[in-house]
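For reference, upload_22.pdb is printed below; it contains PDB, C-alpha atoms.
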```
ATOM      1  CA  MET A  29      72.071  -0.357  -1.017
ATOM      2  CA  LEU A  30      70.171   2.586  -2.433
ATOM      3  CA  SER A  31      70.300   1.185  -5.953
ATOM      4  CA  GLU A  32      68.881  -2.144  -4.764
ATOM      5  CA  SER A  33      65.981  -0.356  -3.075
ATOM      6  CA  ARG A  34      65.248   1.543  -6.270
ATOM      7  CA  GLN A  35      65.259  -1.676  -8.269
ATOM      8  CA  THR A  36      62.881  -3.267  -5.766
ATOM      9  CA  ILE A  37      60.539  -0.278  -6.002
ATOM     10  CA  GLU A  38      60.571  -0.433  -9.795
ATOM     11  CA  LYS A  39      59.743  -4.146  -9.737
ATOM     12  CA  LEU A  40      56.880  -3.515  -7.312
ATOM     13  CA  LYS A  41      55.545  -0.737  -9.531
ATOM     14  CA  GLU A  42      55.621  -3.096 -12.505
ATOM     15  CA  LYS A  43      53.691  -5.714 -10.522
ATOM     16  CA  VAL A  44      51.131  -3.114  -9.431
ATOM     17  CA  THR A  45      50.715  -1.987 -13.034
ATOM     18  CA  LYS A  46      50.168  -5.578 -14.188
ATOM     19  CA  ILE A  47      47.630  -6.186 -11.409
ATOM     20  CA  GLU A  48      45.738  -3.005 -12.326
ATOM     21  CA  GLN A  49      45.687  -4.058 -15.964
ATOM     22  CA  GLU A  50      44.356  -7.489 -14.998
ATOM     23  CA  CYS A  51      41.663  -5.869 -12.831
ATOM     24  CA  ASP A  52      40.610  -3.589 -15.675
ATOM     25  CA  LYS A  53      40.479  -6.552 -18.022
ATOM     26  CA  LEU A  54      38.353  -8.592 -15.620
ATOM     27  CA  ALA A  55      36.051  -5.606 -15.036
ATOM     28  CA  ARG A  56      35.530  -5.212 -18.785
ATOM     29  CA  GLU A  57      34.867  -8.926 -19.181
ATOM     30  CA  LEU A  58      32.394  -8.843 -16.302
ATOM     31  CA  GLU A  59      30.641  -5.849 -17.832
ATOM     32  CA  ASP A  60      30.473  -7.612 -21.203
ATOM     33  CA  GLN A  61      29.056 -10.716 -19.555
ATOM     34  CA  HIS A  62      26.549  -8.573 -17.671
ATOM     35  CA  GLU A  63      25.377  -6.884 -20.862
ATOM     36  CA  LYS A  64      25.240 -10.175 -22.747
ATOM     37  CA  PHE A  65      23.580 -12.425 -20.210
ATOM     38  CA  GLY A  66      21.809  -9.924 -17.984
ATOM     39  CA  PRO A  67      22.010  -9.434 -14.231
ATOM     40  CA  ILE A  68      23.271 -11.996 -11.749
ATOM     41  CA  LEU A  69      20.058 -13.516 -10.435
ATOM     42  CA  LYS A  70      21.473 -16.268  -8.250
ATOM     43  CA  ASN A  71      24.406 -16.950  -5.996
ATOM     44  CA  GLY A  72      24.613 -20.699  -6.268
ATOM     45  CA  ASN A  73      21.138 -22.097  -5.631
ATOM     46  CA  ARG A  74      19.876 -18.986  -3.861
ATOM     47  CA  TYR A  75      18.548 -15.800  -5.392
ATOM     48  CA  SER A  76      20.830 -12.817  -4.989
ATOM     49  CA  ASP A  77      20.191 -10.095  -2.421
ATOM     50  CA  ALA A  78      19.416  -7.710  -5.278
ATOM     51  CA  VAL A  79      16.545  -9.920  -6.471
ATOM     52  CA  VAL A  80      15.131 -10.311  -2.952
ATOM     53  CA  THR A  81      15.362  -6.566  -2.299
ATOM     54  CA  CYS A  82      13.706  -5.838  -5.645
ATOM     55  CA  ILE A  83      10.796  -8.149  -4.766
ATOM     56  CA  LYS A  84      10.312  -6.437  -1.400
ATOM     57  CA  GLN A  85      10.375  -2.998  -3.028
ATOM     58  CA  LEU A  86       7.867  -3.995  -5.702
ATOM     59  CA  ILE A  87       5.423  -5.329  -3.116
ATOM     60  CA  GLY A  88       5.973  -2.833  -0.306
ATOM     61  CA  LYS A  89       6.493   0.459  -2.123
ATOM     62  CA  ILE A  90       4.721   0.034  -5.446
ATOM     63  CA  GLY A  91       2.005  -2.397  -4.393
ATOM     64  CA  ILE A  92       2.507  -4.971  -7.148
ATOM     65  CA  SER A  93       0.783  -8.275  -6.464
ATOM     66  CA  LEU A  94       2.824 -11.399  -5.746
ATOM     67  CA  SER A  95       1.997 -13.081  -9.037
ATOM     68  CA  ARG A  96       3.144 -10.066 -11.098
ATOM     69  CA  CYS A  97       6.527  -9.353  -9.512
ATOM     70  CA  SER A  98       8.564 -11.646 -11.752
ATOM     71  CA  PRO A  99       6.810 -10.519 -14.974
ATOM     72  CA  ALA A 100       7.441  -6.901 -13.899
ATOM     73  CA  ILE A 101      11.169  -7.587 -13.463
ATOM     74  CA  GLN A 102      11.238  -9.311 -16.844
ATOM     75  CA  CYS A 103       9.470  -6.379 -18.531
ATOM     76  CA  VAL A 104      11.716  -3.702 -16.990
ATOM     77  CA  GLY A 105      14.849  -5.688 -17.829
ATOM     78  CA  LYS A 106      13.779  -6.067 -21.457
ATOM     79  CA  CYS A 107      12.572  -2.499 -22.032
ATOM     80  CA  LEU A 108      15.283  -0.571 -20.184
ATOM     81  CA  PHE A 109      18.359  -2.803 -20.412
ATOM     82  CA  ASP A 110      17.564  -5.142 -23.325
ATOM     83  CA  TRP A 111      17.939  -8.180 -21.064
ATOM     84  CA  ASN A 112      16.106 -11.303 -22.154
ATOM     85  CA  ILE A 113      15.312 -12.846 -18.781
ATOM     86  CA  ASP A 114      13.399 -16.108 -18.827
ATOM     87  CA  LEU A 115      10.526 -16.242 -16.337
ATOM     88  CA  ALA A 116      11.750 -19.691 -15.324
ATOM     89  CA  ASP A 117      14.931 -18.035 -14.002
ATOM     90  CA  LEU A 118      12.961 -15.606 -11.828
ATOM     91  CA  PRO A 119      11.336 -16.410  -8.461
ATOM     92  CA  SER A 120       8.112 -18.396  -8.509
ATOM     93  CA  ASP A 121       4.986 -17.179  -6.713
ATOM     94  CA  ARG A 122       5.879 -19.315  -3.706
ATOM     95  CA  SER A 123       9.392 -17.838  -3.552
ATOM     96  CA  VAL A 124       8.013 -14.319  -3.923
ATOM     97  CA  MET A 125       5.642 -14.961  -1.020
ATOM     98  CA  ARG A 126       8.561 -16.184   1.090
ATOM     99  CA  PHE A 127      10.560 -13.037   0.309
ATOM    100  CA  ALA A 128       7.531 -10.892   1.168
ATOM    101  CA  ASP A 129       7.210 -12.656   4.521
ATOM    102  CA  ARG A 130      10.794 -11.697   5.327
ATOM    103  CA  GLY A 131       9.862  -8.062   4.858
ATOM    104  CA  ASN A 132       6.723  -8.469   6.966
ATOM    105  CA  VAL A 133       8.616  -9.484  10.112
ATOM    106  CA  PRO A 134      10.273  -6.090  10.818
ATOM    107  CA  ALA A 135       7.060  -4.344   9.752
ATOM    108  CA  GLU A 136       5.027  -6.394  12.238
ATOM    109  CA  CYS A 137       7.568  -5.720  15.000
ATOM    110  CA  HIS A 138       7.327  -1.985  14.345
ATOM    111  CA  LEU A 139       3.529  -2.149  14.219
ATOM    112  CA  THR A 140       3.263  -4.013  17.530
ATOM    113  CA  ASP A 141       5.796  -1.772  19.251
ATOM    114  CA  THR A 142       3.947   1.357  18.115
ATOM    115  CA  MET A 143       0.584  -0.006  19.276
ATOM    116  CA  PHE A 144       2.081  -1.222  22.548
ATOM    117  CA  ARG A 145       3.491   2.226  23.350
ATOM    118  CA  SER A 146       0.345   4.160  22.454
ATOM    119  CA  ASP A 147      -2.331   5.147  24.969
ATOM    120  CA  GLY A 148      -4.957   3.354  22.906
ATOM    121  CA  PHE A 149      -5.937   2.558  19.352
ATOM    122  CA  ASP A 150      -9.016   2.031  17.191
ATOM    123  CA  LEU A 151      -9.337  -0.982  14.918
ATOM    124  CA  HIS A 152     -10.949  -0.276  11.535
ATOM    125  CA  THR A 153     -12.321  -3.153   9.510
ATOM    126  CA  ASP A 154     -13.622  -3.027   5.973
ATOM    127  CA  GLY A 155     -14.333  -5.700   3.412
ATOM    128  CA  THR A 156     -14.126  -5.972  -0.337
ATOM    129  CA  SER A 157     -14.590  -8.667  -2.953
ATOM    130  CA  ARG A 158     -12.081  -9.552  -5.651
ATOM    131  CA  ASP A 159     -12.383 -12.464  -8.075
ATOM    132  CA  HIS A 160     -15.340 -13.859  -6.101
ATOM    133  CA  ARG A 161     -13.295 -13.852  -2.896
ATOM    134  CA  LYS A 162     -13.927 -11.896   0.290
ATOM    135  CA  TYR A 163     -11.051  -9.859   1.712
ATOM    136  CA  VAL A 164     -10.978  -7.923   4.957
ATOM    137  CA  GLY A 165      -8.622  -5.008   5.452
ATOM    138  CA  ASN A 166      -7.601  -3.766   8.888
ATOM    139  CA  GLN A 167      -6.192  -0.434  10.016
ATOM    140  CA  ALA A 168      -5.205   0.856  13.429
ATOM    141  CA  THR A 169      -5.597   4.527  14.349
ATOM    142  CA  LEU A 170      -3.448   5.399  17.357
ATOM    143  CA  SER A 171      -4.307   7.945  20.021
ATOM    144  CA  SER A 172      -1.756  10.256  18.382
ATOM    145  CA  GLY A 173      -3.754  10.205  15.139
ATOM    146  CA  GLU A 174      -1.246   8.048  13.274
ATOM    147  CA  VAL A 175      -2.847   5.458  10.988
ATOM    148  CA  LEU A 176      -1.151   2.084  10.496
ATOM    149  CA  SER A 177      -2.092  -0.468   7.864
ATOM    150  CA  MET A 178      -2.430  -4.035   9.111
ATOM    151  CA  GLY A 179      -2.843  -5.625   5.701
ATOM    152  CA  TYR A 180      -5.559  -7.601   3.945
ATOM    153  CA  THR A 181      -6.709 -11.103   4.769
ATOM    154  CA  LEU A 182      -8.717 -13.573   2.714
ATOM    155  CA  VAL A 183     -11.629 -14.583   4.940
ATOM    156  CA  ASP A 184     -14.968 -16.236   5.145
ATOM    157  CA  THR A 185     -17.761 -14.180   6.674
ATOM    158  CA  GLU A 186     -17.920 -16.594   9.618
ATOM    159  CA  THR A 187     -14.280 -16.179  10.590
ATOM    160  CA  LEU A 188     -13.947 -12.430  11.136
ATOM    161  CA  LEU A 189     -13.465 -12.807  14.885
ATOM    162  CA  ASP A 190     -10.749 -15.419  14.403
ATOM    163  CA  VAL A 191      -9.033 -13.204  11.836
ATOM    164  CA  ALA A 192      -8.912 -10.157  14.127
ATOM    165  CA  THR A 193      -7.817 -12.167  17.173
ATOM    166  CA  ASN A 194      -5.187 -14.131  15.274
ATOM    167  CA  LEU A 195      -3.879 -10.918  13.754
ATOM    168  CA  LEU A 196      -3.213  -9.426  17.187
ATOM    169  CA  ARG A 197      -1.797 -12.723  18.474
ATOM    170  CA  GLU A 198       0.594 -12.947  15.532
ATOM    171  CA  LEU A 199       1.835  -9.418  16.174
ATOM    172  CA  ALA A 200       2.352 -10.215  19.858
ATOM    173  CA  ASP A 201       4.188 -13.435  19.026
ATOM    174  CA  VAL A 202       6.540 -11.644  16.637
ATOM    175  CA  TYR A 203       7.137  -8.827  19.121
ATOM    176  CA  ASP A 204       7.931 -10.979  22.180
ATOM    177  CA  VAL A 205       7.920 -14.760  21.808
ATOM    178  CA  GLU A 206       8.555 -15.516  25.484
ATOM    179  CA  ASN A 207       5.756 -13.252  26.740
ATOM    180  CA  ALA A 208       3.417 -13.492  23.763
ATOM    181  CA  GLU A 209       0.216 -13.994  25.796
ATOM    182  CA  GLU A 210       0.981 -11.091  28.120
ATOM    183  CA  THR A 211       1.804  -8.847  25.171
ATOM    184  CA  PHE A 212      -1.383  -9.933  23.398
ATOM    185  CA  GLN A 213      -3.535  -9.032  26.407
ATOM    186  CA  SER A 214      -1.758  -5.688  26.788
ATOM    187  CA  VAL A 215      -2.448  -4.821  23.160
ATOM    188  CA  LEU A 216      -6.035  -6.073  23.445
ATOM    189  CA  HIS A 217      -6.526  -3.899  26.528
ATOM    190  CA  LYS A 218      -5.533  -0.839  24.486
ATOM    191  CA  LEU A 219      -8.184  -1.609  21.871
ATOM    192  CA  MET A 220     -10.706   1.167  22.510
ATOM    193  CA  ASP A 221     -12.944   1.321  19.430
ATOM    194  CA  LEU A 222     -14.048  -0.718  16.446
ATOM    195  CA  MET A 223     -14.991   0.875  13.150
ATOM    196  CA  SER A 224     -16.635  -0.994  10.300
ATOM    197  CA  ASP A 225     -19.297  -0.593   7.657
ATOM    198  CA  ARG A 226     -22.951  -1.291   8.334
ATOM    199  CA  ALA A 227     -22.960  -4.845   7.003
ATOM    200  CA  SER A 228     -24.821  -7.235   9.285
ATOM    201  CA  VAL A 229     -21.865  -9.605   9.531
ATOM    202  CA  LEU A 230     -19.634  -6.794  10.802
ATOM    203  CA  LYS A 231     -22.244  -5.750  13.362
ATOM    204  CA  SER A 232     -22.209  -9.318  14.653
ATOM    205  CA  PHE A 233     -18.419  -9.211  14.660
ATOM    206  CA  ASN A 234     -18.466  -6.115  16.894
ATOM    207  CA  SER A 235     -20.606  -7.886  19.478
ATOM    208  CA  ALA A 236     -18.558 -11.083  19.319
ATOM    209  CA  MET A 237     -15.306  -9.139  19.675
ATOM    210  CA  GLU A 238     -16.601  -7.345  22.764
ATOM    211  CA  VAL A 239     -17.665 -10.625  24.392
ATOM    212  CA  ASN A 240     -14.367 -12.316  23.532
ATOM    213  CA  ARG A 241     -12.398  -9.357  24.860
ATOM    214  CA  ARG A 242     -14.241  -9.410  28.184
ATOM    215  CA  GLU A 243     -13.685 -13.147  28.530
ATOM    216  CA  LEU A 244      -9.939 -12.694  28.062
ATOM    217  CA  LEU A 245      -9.440  -9.534  30.130
ATOM    218  CA  GLY A 246     -12.149  -9.959  32.742
ATOM    219  CA  ASP A 247     -12.974  -6.898  34.837
ATOM    220  CA  ASP A 248     -10.023  -4.990  33.366
ATOM    221  CA  ALA A 249     -11.768  -4.724  29.998
ATOM    222  CA  VAL A 250     -12.936  -1.194  29.220
ATOM    223  CA  GLN A 251     -16.189  -0.799  27.298
ATOM    224  CA  MET A 252     -15.409  -0.359  23.617
ATOM    225  CA  GLN A 253     -17.081   2.142  21.325
ATOM    226  CA  PHE A 254     -18.497   1.055  17.974
ATOM    227  CA  LEU A 255     -18.097   3.433  15.053
ATOM    228  CA  TYR A 256     -19.545   3.030  11.582
ATOM    229  CA  CYS A 257     -18.043   4.296   8.354
ATOM    230  CA  ASN A 258     -20.308   6.894   6.743
ATOM    231  CA  ALA A 259     -18.605   6.595   3.361
ATOM    232  CA  HIS A 260     -20.975   3.776   2.405
ATOM    233  CA  PHE A 261     -23.981   5.921   3.320
ATOM    234  CA  LEU A 262     -22.611   8.866   1.325
ATOM    235  CA  LEU A 263     -21.946   6.606  -1.650
ATOM    236  CA  GLY A 264     -25.533   5.368  -1.565
ATOM    237  CA  LEU A 265     -26.798   8.941  -1.205
ATOM    238  CA  SER A 266     -24.693   9.986  -4.190
ATOM    239  CA  SER A 267     -26.047   7.157  -6.342
ATOM    240  CA  GLU A 268     -29.661   7.961  -5.489
ATOM    241  CA  SER A 269     -29.089  11.695  -6.033
ATOM    242  CA  GLU A 270     -27.638  10.936  -9.447
ATOM    243  CA  LYS A 271     -30.824   9.085 -10.407
ATOM    244  CA  VAL A 272     -33.007  12.015  -9.286
ATOM    245  CA  LEU A 273     -30.889  14.581 -11.142
ATOM    246  CA  ARG A 274     -30.969  12.531 -14.326
ATOM    247  CA  GLY A 275     -34.744  12.394 -14.015
ATOM    248  CA  LEU A 276     -34.853  16.194 -13.804
ATOM    249  CA  ASP A 277     -32.690  16.431 -16.909
ATOM    250  CA  ARG A 278     -35.142  14.267 -18.812
ATOM    251  CA  THR A 279     -38.068  16.370 -17.563
ATOM    252  CA  LEU A 280     -36.579  19.824 -18.114
ATOM    253  CA  GLY A 281     -34.519  19.006 -21.173
ATOM    254  CA  LYS A 282     -30.918  19.967 -21.806
ATOM    255  CA  LEU A 283     -29.575  22.787 -19.672
ATOM    256  CA  GLY A 284     -26.755  25.286 -20.051
ATOM    257  CA  ARG A 285     -24.421  24.907 -22.995
ATOM    258  CA  ASP A 286     -25.804  21.446 -23.832
ATOM    259  CA  CYS A 287     -28.918  23.068 -25.298
ATOM    260  CA  LYS A 288     -26.840  25.224 -27.669
ATOM    261  CA  SER A 289     -25.999  23.730 -31.033
ATOM    262  CA  ASN A 290     -22.657  25.549 -31.042
ATOM    263  CA  PHE A 291     -21.524  23.400 -28.113
ATOM    264  CA  SER A 292     -22.869  20.084 -29.331
ATOM    265  CA  GLY A 293     -19.333  18.743 -29.552
ATOM    266  CA  PHE A 294     -18.839  19.412 -25.829
ATOM    267  CA  ALA A 295     -22.075  17.825 -24.658
ATOM    268  CA  SER A 296     -21.561  15.187 -21.993
ATOM    269  CA  ALA A 297     -24.279  12.562 -22.024
ATOM    270  CA  GLY A 298     -22.691  10.701 -19.122
ATOM    271  CA  GLU A 299     -23.012  13.522 -16.597
ATOM    272  CA  ASN A 300     -26.120  15.334 -15.395
ATOM    273  CA  SER A 301     -26.308  19.116 -15.579
ATOM    274  CA  ALA A 302     -26.159  19.747 -11.824
ATOM    275  CA  SER A 303     -23.064  17.588 -11.378
ATOM    276  CA  LYS A 304     -21.418  19.281 -14.341
ATOM    277  CA  TYR A 305     -22.171  22.720 -12.871
ATOM    278  CA  ILE A 306     -20.710  21.772  -9.473
ATOM    279  CA  ARG A 307     -17.622  20.179 -11.010
ATOM    280  CA  THR A 308     -16.998  23.207 -13.220
ATOM    281  CA  CYS A 309     -17.202  25.532 -10.211
ATOM    282  CA  PHE A 310     -14.687  23.454  -8.310
ATOM    283  CA  ASP A 311     -12.387  23.336 -11.336
ATOM    284  CA  VAL A 312     -12.465  27.127 -11.534
ATOM    285  CA  ILE A 313     -12.203  28.119  -7.867
ATOM    286  CA  GLY A 314     -11.019  24.956  -6.118
ATOM    287  CA  PRO A 315      -7.519  24.671  -4.593
ATOM    288  CA  ARG A 316      -6.759  21.731  -6.888
ATOM    289  CA  GLY A 317      -8.453  23.130  -9.954
ATOM    290  CA  ASP A 318      -7.019  24.454 -13.186
ATOM    291  CA  GLU A 319      -4.299  26.904 -12.085
ATOM    292  CA  LYS A 320      -3.779  28.296 -15.585
ATOM    293  CA  ASN A 321      -7.399  28.938 -16.559
ATOM    294  CA  GLY A 322      -8.974  29.101 -13.096
ATOM    295  CA  CYS A 323      -9.741  32.183 -11.032
ATOM    296  CA  ARG A 324      -9.162  31.037  -7.482
ATOM    297  CA  GLU A 325      -7.462  34.312  -6.499
ATOM    298  CA  ALA A 326     -10.466  36.318  -7.676
ATOM    299  CA  TRP A 327     -12.687  34.053  -5.583
ATOM    300  CA  GLU A 328     -10.573  34.251  -2.423
ATOM    301  CA  VAL A 329     -10.490  38.069  -2.328
ATOM    302  CA  PRO A 330     -14.252  38.632  -1.740
ATOM    303  CA  TYR A 331     -14.408  35.418   0.298
ATOM    304  CA  ARG A 332     -11.988  36.872   2.880
ATOM    305  CA  GLU A 333     -14.281  39.864   3.397
ATOM    306  CA  PHE A 334     -17.050  37.755   4.938
TER     307      PHE A 334
END
```

structure tokens encoding of this file:
Amino acid sequence: MLSESRQTIEKLKEKVTKIEQECDKLARELEDQHEKFGPILKNGNRYSDAVVTCIKQLIGKIGISLSRCSPAIQCVGKCLFDWNIDLADLPSDRSVMRFADRGNVPAECHLTDTMFRSDGFDLHTDGTSRDHRKYVGNQATLSSGEVLSMGYTLVDTETLLDVATNLLRELADVYDVENAEETFQSVLHKLMDLMSDRASVLKSFNSAMEVNRRELLGDDAVQMQFLYCNAHFLLGLSSESEKVLRGLDRTLGKLGRDCKSNFSGFASAGENSASKYIRTCFDVIGPRGDEKNGCREAWEVPYREF
């Protein structure tokens, strides 16, 4: 009886050894195929989870545009792994957009839930132009100070109100389909302030948004505050100051080291003397200046005495 058991064990060990050898062989073949033909892009007619996750990471974390995701995958595969991936085998722009939408759903749910639970929030609107198209970006600043990005939307200047309203409605619909209208009004009620630049179209948008909000909420609507971004004013002030300082340079001639022939190789024709002086001071004593050649410590010692 004992001898039969030993024989059975030996036979089982032999089978296990053969199975392990077969597994190792298949693993080596799979690795060879992987190195020869590249990664597995599809499972049947559908792109693999790895491809979909890669697309979401490229868009969400790195900020690569939809049209450049597939070329980026192709470039990384070629340079790092020597994979020759044909662009035709990678997702098209339409597929990439569909994958991005999948990632937007949980993000929108989180955004709506965070806004819904806050005491109030401010809606920031700013516009920019790219390739002769007008885009509007939206951000929400919660009462806690947390800032949430609400994405960019391609718009016409006449549709800003529709864009903002539809944005909040879409968030409410994703958050609670059955009570979308109630959720939308609750979120709209928490909208306390609007911030935008001083463009005339955005000023009109502020007024239209206030009227629309009162029509939807009635007497429950709290008066909103309208804030304007001063960055545009500061940018204009900087540009005009630059013109004045350049005029002084032309009147007074070269200043500082620029007037010395020994430093002719360091002369900077693209920067006025005052700006150069200010920048140099910040490089020397600023917290983000040159740590090796700067003297921030020597500056902070007498500064603390005041």

Rank nothing, just name the residue among A:Gln251, A:Ser146, A:Thr187, A:Asn194 nearest to Phe212 in chain A, using only C-alpha atoms.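 Nearest to Phe212 in chain A: A:Asn194.
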
Which residues, written as a count of residues only, have at least one atom at most 12 Å from Ile92 in chain A, with all atoms listed in the file counted and residues fewer than 6 positions away on the same chain left out? 11

Distance in Å - CA of Phe261 in chain A versus CA of Ser224 in chain A: 12.3 Å

Shortest interatomic distance to Arg278 in chain A - which of A:Gly91, A:Ala55, A:Leu244, A:Ser301, counting all atoms listed in the file: A:Ser301

Contact residues around Met220 in chain A with all atoms listed in the file at 10 Å, ignoring same-chain residues under 5 positions, as a list in words: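 Counting all atoms listed in the file, the residues come to Asp147, Gly148, Phe149, Asp150, Leu151, Leu170, Ser171, Ala249, Val250, Gln251, Met252, Gln253 and Phe254 of chain A.
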
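What the PyMOL selection byres ((chain A and resi 144) around 8) grabs from this file is Thr140, Asp141, Thr142, Met143, Arg145, Ser146, Ser214, Val215 and Lys218 of chain A.
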
Export, as a PDB file, keeping the file's coordinate frame, the selected residues with C-alpha atoms.
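So the final result, stored in result-v6.pdb, reads:
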```
ATOM      1  CA  THR A 140       3.263  -4.013  17.530  1.00  0.00           C
ATOM      2  CA  ASP A 141       5.796  -1.772  19.251  1.00  0.00           C
ATOM      3  CA  THR A 142       3.947   1.357  18.115  1.00  0.00           C
ATOM      4  CA  MET A 143       0.584  -0.006  19.276  1.00  0.00           C
ATOM      5  CA  ARG A 145       3.491   2.226  23.350  1.00  0.00           C
ATOM      6  CA  SER A 146       0.345   4.160  22.454  1.00  0.00           C
ATOM      7  CA  SER A 214      -1.758  -5.688  26.788  1.00  0.00           C
ATOM      8  CA  VAL A 215      -2.448  -4.821  23.160  1.00  0.00           C
ATOM      9  CA  LYS A 218      -5.533  -0.839  24.486  1.00  0.00           C
TER      10      LYS A 218
END
```

How many Å lie between CA of Thr169 in chain A and CA of His152 in chain A, rounded to one decimal? 7.7 Å

Written as a list in words, what is the full residue list that the PyMOL selection byres ((chain A and resi 94) around 8) yields on the file shown? Ile87, Ile92, Ser93, Ser95, Arg96, Cys97, Asp121, Val124 and Met125 of chain A

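Here, the PyMOL selection byres ((chain A and resi 138) around 12) matches Gly131, Asn132, Val133, Pro134, Ala135, Glu136, Cys137, Leu139, Thr140, Asp141, Thr142, Met143, Phe144, Arg145, Leu176, Ser177, Met178, Leu199, Ala200, Val202, Tyr203 and Asp204 of chain A.
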
Separation of CA of Tyr163 in chain A from CA of Thr181 in chain A, in Å and rounded to one decimal: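 Separating CA of Tyr163 in chain A from CA of Thr181 in chain A is a distance of 5.5 Å.
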
Show me the residues around (-16.9, 4.0, 13.6) - criterion: an atom at most 7 Å away, only C-alpha atoms counted - as a list in words. Leu222, Met223, Ser224, Phe254, Leu255, Tyr256 and Cys257 of chain A

Between A:Asn234, A:Ser303, A:Gln167, A:Asn258, which has the minimum distance to Tyr180 in chain A (counting all atoms listed in the file)?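 Nearest candidate to Tyr180 in chain A out of A:Asn234, A:Ser303, A:Gln167, A:Asn258: A:Gln167.
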
Excluding Tyr75 in chain A and any residue of its chain fewer than 5 positions from it, enumerate the residues within 9 Å of it, using all atoms listed in the file, and give them as a PyMOL selection string. chain A and resi 68-70+80+118-119

Atoms to include: C-alpha atoms. Write the selected residues as a PDB file, in the frame of the given file.
```
ATOM      1  CA  ILE A  68      23.271 -11.996 -11.749  1.00  0.00           C
ATOM      2  CA  LEU A  69      20.058 -13.516 -10.435  1.00  0.00           C
ATOM      3  CA  LYS A  70      21.473 -16.268  -8.250  1.00  0.00           C
ATOM      4  CA  VAL A  80      15.131 -10.311  -2.952  1.00  0.00           C
ATOM      5  CA  LEU A 118      12.961 -15.606 -11.828  1.00  0.00           C
ATOM      6  CA  PRO A 119      11.336 -16.410  -8.461  1.00  0.00           C
TER       7      PRO A 119
END
```
